[in-house]
>>> print(open('model_24.txt').read())   # compact mmCIF, C-alpha atoms
# COMPACT_ATOMS: atom_id res chain seq x y z
CA MET A 1 -69.70 -128.63 169.62
CA THR A 2 -71.33 -127.53 166.42
CA LYS A 3 -69.98 -124.55 164.59
CA PRO A 4 -72.28 -121.55 164.20
CA ASP A 5 -73.91 -121.17 160.86
CA PRO A 6 -72.12 -118.21 159.12
CA ARG A 7 -75.38 -117.27 157.51
CA ARG A 8 -76.97 -116.71 160.90
CA ILE A 9 -74.24 -114.48 162.32
CA VAL A 10 -75.77 -111.13 163.15
CA GLN A 11 -74.02 -108.36 161.32
CA PRO A 12 -73.42 -105.11 163.29
CA MET A 13 -75.77 -102.29 162.49
CA PRO A 14 -74.14 -99.51 160.44
CA THR A 15 -73.28 -96.54 162.54
CA ALA A 16 -73.73 -92.93 161.55
CA ARG A 17 -70.88 -91.67 159.48
CA THR A 18 -68.53 -89.56 161.52
CA ALA A 19 -67.87 -86.04 160.40
CA GLU A 20 -64.92 -85.78 158.10
CA PRO A 21 -61.96 -83.85 159.45
CA PRO A 22 -61.31 -80.42 157.92
CA ALA A 23 -59.54 -80.48 154.62
CA LEU A 24 -55.79 -80.34 154.86
CA HIS A 25 -55.48 -77.04 153.01
CA THR A 26 -58.10 -75.43 155.31
CA ARG A 27 -56.21 -76.44 158.42
CA ALA A 28 -52.97 -75.21 156.89
CA LEU A 29 -54.48 -71.81 156.10
CA ASN A 30 -55.84 -71.51 159.64
CA ASP A 31 -52.45 -72.41 161.09
CA LEU A 32 -50.69 -69.90 158.87
CA ALA A 33 -53.13 -67.15 159.88
CA PHE A 34 -52.52 -67.89 163.55
CA ILE A 35 -48.76 -67.92 163.09
CA ARG A 36 -48.85 -64.64 161.17
CA GLN A 37 -50.93 -62.91 163.84
CA THR A 38 -48.63 -64.20 166.56
CA MET A 39 -45.54 -63.00 164.72
CA GLU A 40 -47.11 -59.58 164.10
CA ARG A 41 -47.80 -59.17 167.80
CA ALA A 42 -44.32 -60.36 168.72
CA THR A 43 -42.50 -58.09 166.27
CA ALA A 44 -44.59 -54.91 166.63
CA PHE A 45 -43.18 -52.02 168.60
CA THR A 46 -46.16 -51.19 170.82
CA ALA A 47 -44.61 -48.52 173.06
CA VAL A 48 -45.72 -45.65 170.81
CA PRO A 49 -47.29 -43.27 173.36
CA GLY A 50 -50.93 -42.35 172.82
CA TRP A 51 -51.33 -39.96 175.75
CA GLY A 52 -47.99 -38.40 174.87
CA GLY A 53 -49.26 -37.83 171.33
CA ILE A 54 -52.31 -36.03 172.72
CA ALA A 55 -50.07 -33.78 174.83
CA MET A 56 -47.89 -33.06 171.81
CA GLY A 57 -50.98 -32.17 169.81
CA LEU A 58 -52.19 -29.71 172.42
CA THR A 59 -48.85 -27.90 172.52
CA ALA A 60 -48.82 -27.77 168.70
CA LEU A 61 -52.23 -26.11 168.65
CA ALA A 62 -50.95 -23.47 171.06
CA ALA A 63 -47.80 -23.00 168.97
CA ALA A 64 -49.84 -22.57 165.78
CA ALA A 65 -51.93 -19.85 167.38
CA LEU A 66 -48.85 -18.08 168.73
CA ALA A 67 -46.85 -18.41 165.51
CA GLY A 68 -49.64 -16.80 163.52
CA LEU A 69 -49.23 -13.63 165.58
CA GLN A 70 -45.52 -13.19 164.88
CA PRO A 71 -44.52 -10.18 162.76
CA THR A 72 -41.46 -11.69 161.09
CA PRO A 73 -40.55 -15.07 159.54
CA GLY A 74 -37.64 -15.36 161.97
CA ARG A 75 -39.85 -15.05 165.01
CA TRP A 76 -42.38 -17.41 163.44
CA LEU A 77 -39.63 -19.97 162.96
CA GLY A 78 -38.48 -19.47 166.55
CA VAL A 79 -41.94 -20.38 167.87
CA TRP A 80 -42.06 -23.60 165.87
CA LEU A 81 -38.51 -24.60 166.77
CA ALA A 82 -39.36 -24.13 170.44
CA GLU A 83 -42.45 -26.26 169.91
CA ALA A 84 -40.30 -28.97 168.29
CA VAL A 85 -38.10 -29.11 171.40
CA VAL A 86 -41.13 -29.27 173.70
CA ALA A 87 -42.81 -31.96 171.59
CA MET A 88 -39.67 -34.11 171.41
CA THR A 89 -39.27 -33.88 175.18
CA ILE A 90 -42.87 -34.89 175.76
CA GLY A 91 -42.66 -37.71 173.22
CA ALA A 92 -39.44 -39.16 174.61
CA GLY A 93 -40.71 -38.99 178.18
CA ALA A 94 -44.06 -40.56 177.30
CA LEU A 95 -42.34 -43.28 175.28
CA GLY A 96 -40.09 -44.22 178.18
CA LEU A 97 -42.98 -44.16 180.66
CA LYS A 98 -45.21 -46.37 178.52
CA ALA A 99 -42.39 -48.82 177.85
CA ARG A 100 -41.62 -49.07 181.56
CA ARG A 101 -45.26 -49.53 182.55
CA SER A 102 -45.88 -52.19 179.90
CA GLY A 103 -42.58 -53.97 180.47
CA THR A 104 -41.49 -53.39 176.88
CA PRO A 105 -37.69 -53.09 176.53
CA LEU A 106 -36.61 -50.07 174.52
CA TRP A 107 -33.73 -51.76 172.74
CA THR A 108 -35.39 -54.83 171.31
CA ARG A 109 -35.18 -55.57 167.61
CA PRO A 110 -38.64 -54.05 166.85
CA ALA A 111 -37.68 -50.91 168.79
CA ARG A 112 -34.41 -50.56 166.86
CA GLN A 113 -36.22 -51.10 163.56
CA PHE A 114 -38.74 -48.42 164.47
CA LEU A 115 -36.07 -45.95 165.56
CA PHE A 116 -33.71 -46.44 162.62
CA SER A 117 -36.60 -46.14 160.15
CA TYR A 118 -38.11 -43.09 161.83
CA LEU A 119 -34.96 -41.00 162.36
CA PRO A 120 -33.54 -40.51 158.82
CA PRO A 121 -36.51 -38.41 157.54
CA ILE A 122 -36.43 -36.40 160.79
CA VAL A 123 -32.73 -35.67 160.38
CA ALA A 124 -33.36 -34.71 156.75
CA GLY A 125 -36.07 -32.32 157.93
CA ALA A 126 -33.68 -30.66 160.37
CA VAL A 127 -31.04 -30.16 157.67
CA LEU A 128 -33.59 -28.76 155.22
CA THR A 129 -34.90 -26.41 157.90
CA VAL A 130 -31.50 -24.77 158.16
CA ALA A 131 -31.04 -24.64 154.38
CA LEU A 132 -34.49 -23.19 153.64
CA ALA A 133 -34.25 -20.63 156.44
CA ARG A 134 -30.87 -19.41 155.16
CA ALA A 135 -32.30 -19.14 151.64
CA ASP A 136 -35.29 -17.09 152.89
CA LEU A 137 -37.69 -19.85 151.84
CA VAL A 138 -39.45 -20.14 155.17
CA TRP A 139 -42.78 -20.52 153.39
CA LEU A 140 -41.68 -24.00 152.29
CA LEU A 141 -41.08 -25.19 155.85
CA PRO A 142 -44.65 -26.25 156.79
CA GLY A 143 -44.88 -28.60 153.82
CA THR A 144 -41.35 -29.87 154.38
CA TRP A 145 -41.96 -30.59 158.06
CA LEU A 146 -45.28 -32.34 157.50
CA LEU A 147 -44.00 -34.43 154.59
CA LEU A 148 -40.81 -35.62 156.26
CA TYR A 149 -42.36 -36.16 159.68
CA GLY A 150 -45.11 -38.17 158.00
CA ALA A 151 -42.52 -40.17 156.06
CA GLY A 152 -40.74 -40.99 159.30
CA ILE A 153 -43.98 -42.09 160.94
CA VAL A 154 -44.86 -44.29 157.94
CA THR A 155 -41.46 -45.99 157.75
CA GLY A 156 -41.12 -46.39 161.50
CA GLY A 157 -44.75 -47.41 161.80
CA ALA A 158 -44.11 -50.40 159.56
CA PHE A 159 -42.69 -51.98 162.72
CA SER A 160 -45.50 -50.82 164.98
CA VAL A 161 -49.27 -51.20 165.20
CA ARG A 162 -51.23 -50.49 162.02
CA VAL A 163 -52.69 -47.18 163.14
CA VAL A 164 -49.22 -45.57 163.28
CA PRO A 165 -48.41 -45.65 159.53
CA ALA A 166 -51.98 -44.52 158.85
CA MET A 167 -51.24 -41.42 160.91
CA GLY A 168 -48.05 -40.88 158.91
CA LEU A 169 -49.97 -40.95 155.64
CA GLY A 170 -52.25 -38.27 157.04
CA PHE A 171 -49.23 -36.06 157.77
CA MET A 172 -47.90 -36.59 154.26
CA ALA A 173 -51.24 -35.64 152.71
CA LEU A 174 -51.29 -32.41 154.70
CA GLY A 175 -47.66 -31.76 153.73
CA ALA A 176 -48.44 -32.09 150.04
CA LEU A 177 -51.30 -29.63 150.47
CA ALA A 178 -49.02 -27.21 152.35
CA VAL A 179 -46.53 -27.24 149.48
CA LEU A 180 -49.29 -26.46 146.99
CA GLU A 181 -50.98 -23.86 149.21
CA PRO A 182 -48.21 -22.20 151.26
CA ASP A 183 -50.60 -19.54 152.61
CA TRP A 184 -52.29 -22.27 154.64
CA GLY A 185 -49.07 -23.11 156.50
CA ASP A 186 -50.14 -22.49 160.10
CA PRO A 187 -53.63 -24.03 159.79
CA LEU A 188 -52.16 -27.15 158.17
CA LEU A 189 -49.44 -27.39 160.81
CA ALA A 190 -52.17 -27.13 163.44
CA ALA A 191 -54.21 -29.81 161.66
CA GLY A 192 -51.20 -32.13 161.46
CA PHE A 193 -49.07 -31.69 164.56
CA GLY A 194 -52.15 -30.72 166.55
CA GLY A 195 -55.19 -32.52 165.19
CA LEU A 196 -53.65 -35.76 163.92
CA HIS A 197 -51.59 -36.21 167.08
CA ILE A 198 -54.68 -35.79 169.23
CA VAL A 199 -56.96 -38.05 167.18
CA PHE A 200 -54.49 -40.87 166.63
CA GLY A 201 -53.06 -40.46 170.12
CA TRP A 202 -56.52 -41.11 171.51
CA ILE A 203 -56.91 -44.21 169.33
CA ILE A 204 -53.52 -45.56 170.40
CA ALA A 205 -54.18 -44.80 174.07
CA ARG A 206 -57.53 -46.56 174.04
CA ARG A 207 -56.54 -49.61 171.98
CA TYR A 208 -52.90 -50.15 172.84
CA GLY A 209 -52.48 -49.44 176.52
CA GLY A 210 -51.82 -45.72 176.85
>>> encode(input="model_24.txt", output="structure tokens")
Amino acid sequence: MTKPDPRRIVQPMPTARTAEPPALHTRALNDLAFIRQTMERATAFTAVPGWGGIAMGLTALAAAALAGLQPTPGRWLGVWLAEAVVAMTIGAGALGLKARRSGTPLWTRPARQFLFSYLPPIVAGAVLTVALARADLVWLLPGTWLLLYGAGIVTGGAFSVRVVPAMGLGFMALGALAVLEPDWGDPLLAAGFGGLHIVFGWIIARRYGG
């Protein structure tokens, strides 16, 4: 048998060049973005109650209207302290209800981080309330409350969804204005504890499950 002539061997036709795989650094960046988003969802405390915030805002608007009618600083303070108790009760109840409905445990690491970051400014606000009331500096209370409540929301919100610390910054801005303009105390309290709670509560309820 004769051997085939190498010169007559048909060479295969060149095929179209296959698309090059994505560059290594591009794939790495995409993977890191996915991992970061997954970790953010896993570590965020999402049981912040939106509908509860709306209810708290409505009671704060009523308290602001009632407080403005009081003839003495003591009675004014009594109205707002009663509102604080009502709001805390609503908030705690709404938090527990949302956590139960969504299956979110209330003592996970994100929940503890949220709680332990949120509480210190609130406790500081309670102590300063007593001190300022005893010193007859009630006019400083609106700014103090808004600033420290906002600080608690910002620090606790670092472990929650992004809209929460944004709400806290809004409270702090109103608090700074209340310190500079103490005559606007009740309107600014209404704008903060009423308006901001309602607006951001609606956003949280619509985007984050109630």
>>> residues_around(input="model_24.txt", residues="segment 71-87 of chain A", least_positions_apart="2", cutoff="7 Å", atoms="only C-alpha atoms", output="MDAnalysis selection string")
chainID A and resid 56 60 63 67 69 89:91 138
>>> atom_distance(input="model_24.txt", atom1="atom CA of Val164 of chain A", atom2="atom CA of Trp184 of chain A")
25.0 Å
>>> atom_distance(input="model_24.txt", atom1="atom CA of Arg207 of chain A", atom2="atom CA of Val161 of chain A")
10.1 Å
>>> closest_residue(input="model_24.txt", among="A:Ala158, A:Leu95, A:Thr129, A:Trp139", to="Gln113 of chain A", atoms="all atoms listed in the file")
A:Ala158
>>> closest_residue(input="model_24.txt", among="A:Leu141, A:Ala124, A:Ala65, A:Met167", to="Phe200 of chain A", atoms="all atoms listed in the file")
A:Met167
>>> closest_residue(input="model_24.txt", among="A:Ile203, A:Leu140, A:Ala135, A:Ile198", to="Leu180 of chain A", atoms="all atoms listed in the file")
A:Leu140
>>> residues_around(input="model_24.txt", residues="segment 146-156 of chain A", least_positions_apart="6", cutoff="8 Å", atoms="all atoms listed in the file", output="ChimeraX atom specification")
/A:113-122,124-125,164-176,189,192
>>> atom_distance(input="model_24.txt", atom1="atom CA of Gly143 of chain A", atom2="atom CA of Gly201 of chain A")
21.8 Å
>>> closest_residue(input="model_24.txt", among="A:Ala111, A:Ala94, A:Leu58, A:Ala126", to="Ala205 of chain A", atoms="only C-alpha atoms")
A:Ala94
>>> closest_residue(input="model_24.txt", among="A:Ala131, A:Ala190, A:Val163, A:Leu137", to="Ala62 of chain A", atoms="only C-alpha atoms")
A:Ala190
>>> axis_aligned_box(input="model_24.txt", around="segment 173-187 of chain A", padding_each_side="4 Å", output="JSON")
{"center_x": -50.1, "center_y": -27.6, "center_z": 153.5, "size_x": 15.1, "size_y": 24.1, "size_z": 21.1}
